[in-house]
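Peer 1: Next up is a structure, given as structure tokens.
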Amino acid sequence: METMKKYFGARIKEIRESRGLNQEQLAEIVNMESRHISRIETGKSFTTLENIDKIAKALNVDINTLFAFQHKKDKNILITEIDNYLEKANDEQIELAYKLIQVVFN
């Protein structure tokens with residue numbers, strides 16, 4: 001449940017920021033305290049279905065969009081999946097992957 005709350009909160013933050021809103025602005029639109037928005041976004045708190053509906057409307061998305069965080073995966077799962085790709089890769093693909101990793105971390 002804790003992971004789901006964190007992903008849900010991160011998704012709200014992701015959408016809110018893409019809309020150019022800060023927490024205070026979203027809180028004002030949905031008639032909540034910015035402190036509560038912050039706690040939701042950090043996964044420290046969850047909220048009611050009524051507030052979820054208000055947040056979705058304020059962000060101009062369907063409720064299901066707020067729960068569309070399947071693309072988010074645990075670090076260990078990602079490392080395992082990357083390792084699986086590399087195990088199947090040929091030399092050229094591994095070299096390309098290495099160069100991409102260098103670009104990301106430099």
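Following the order of the structure tokens, chains are lettered A, B, ..., residues in each are numbered from 1, and ligands are numbered from 1.
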For range 59-76 of chain A, find every residue with an atom within 8 Å (counting only C-alpha atoms), except residues of its own chain fewer than 4 positions away, and show them as a compact mmCIF listing (two decimals) with C-alpha atoms, in the first residue's frame.
Peer 2:
# COMPACT_ATOMS: atom_id res chain seq x y z
CA TYR A 7 3.37 6.26 -6.99
CA PHE A 8 -0.06 7.93 -6.79
CA ARG A 11 1.81 10.88 -10.52
CA ILE A 12 -0.18 13.84 -9.19
CA ILE A 15 0.78 15.99 -13.89
CA ARG A 16 0.56 19.12 -11.70
CA ARG A 19 0.29 21.91 -16.05
CA ILE A 52 -9.31 12.52 -5.93
CA ASP A 53 -12.19 13.59 -8.18
CA ILE A 55 -7.78 16.83 -8.16
CA THR A 80 16.99 -6.92 -13.25
Peer 1: I'd like the neighbourhood of Asn22 in chain A as a VMD selection string, where a residue qualifies if any of its atoms comes within 10 Å (using only C-alpha atoms), though same-chain residues fewer than 4 positions away should be ignored.
Peer 2: chain A and resid 13 16 to 17 26 to 27 34
Peer 1: Using the chain letters and numbers from this document, which residues of range 12-81 of chain A does DSSP assign to helix (DSSP H, G or I), as a ChimeraX atom specification?
Peer 2: /A:12-18,23-30,34-41,49-58,63-66,75-81
Peer 1: For the atom pair CA of Ser45 in chain A and CA of Leu78 in chain A, what is the interatomic distance in Å to one decimal place?
Peer 2: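 Those two atoms sit 25.9 Å apart.
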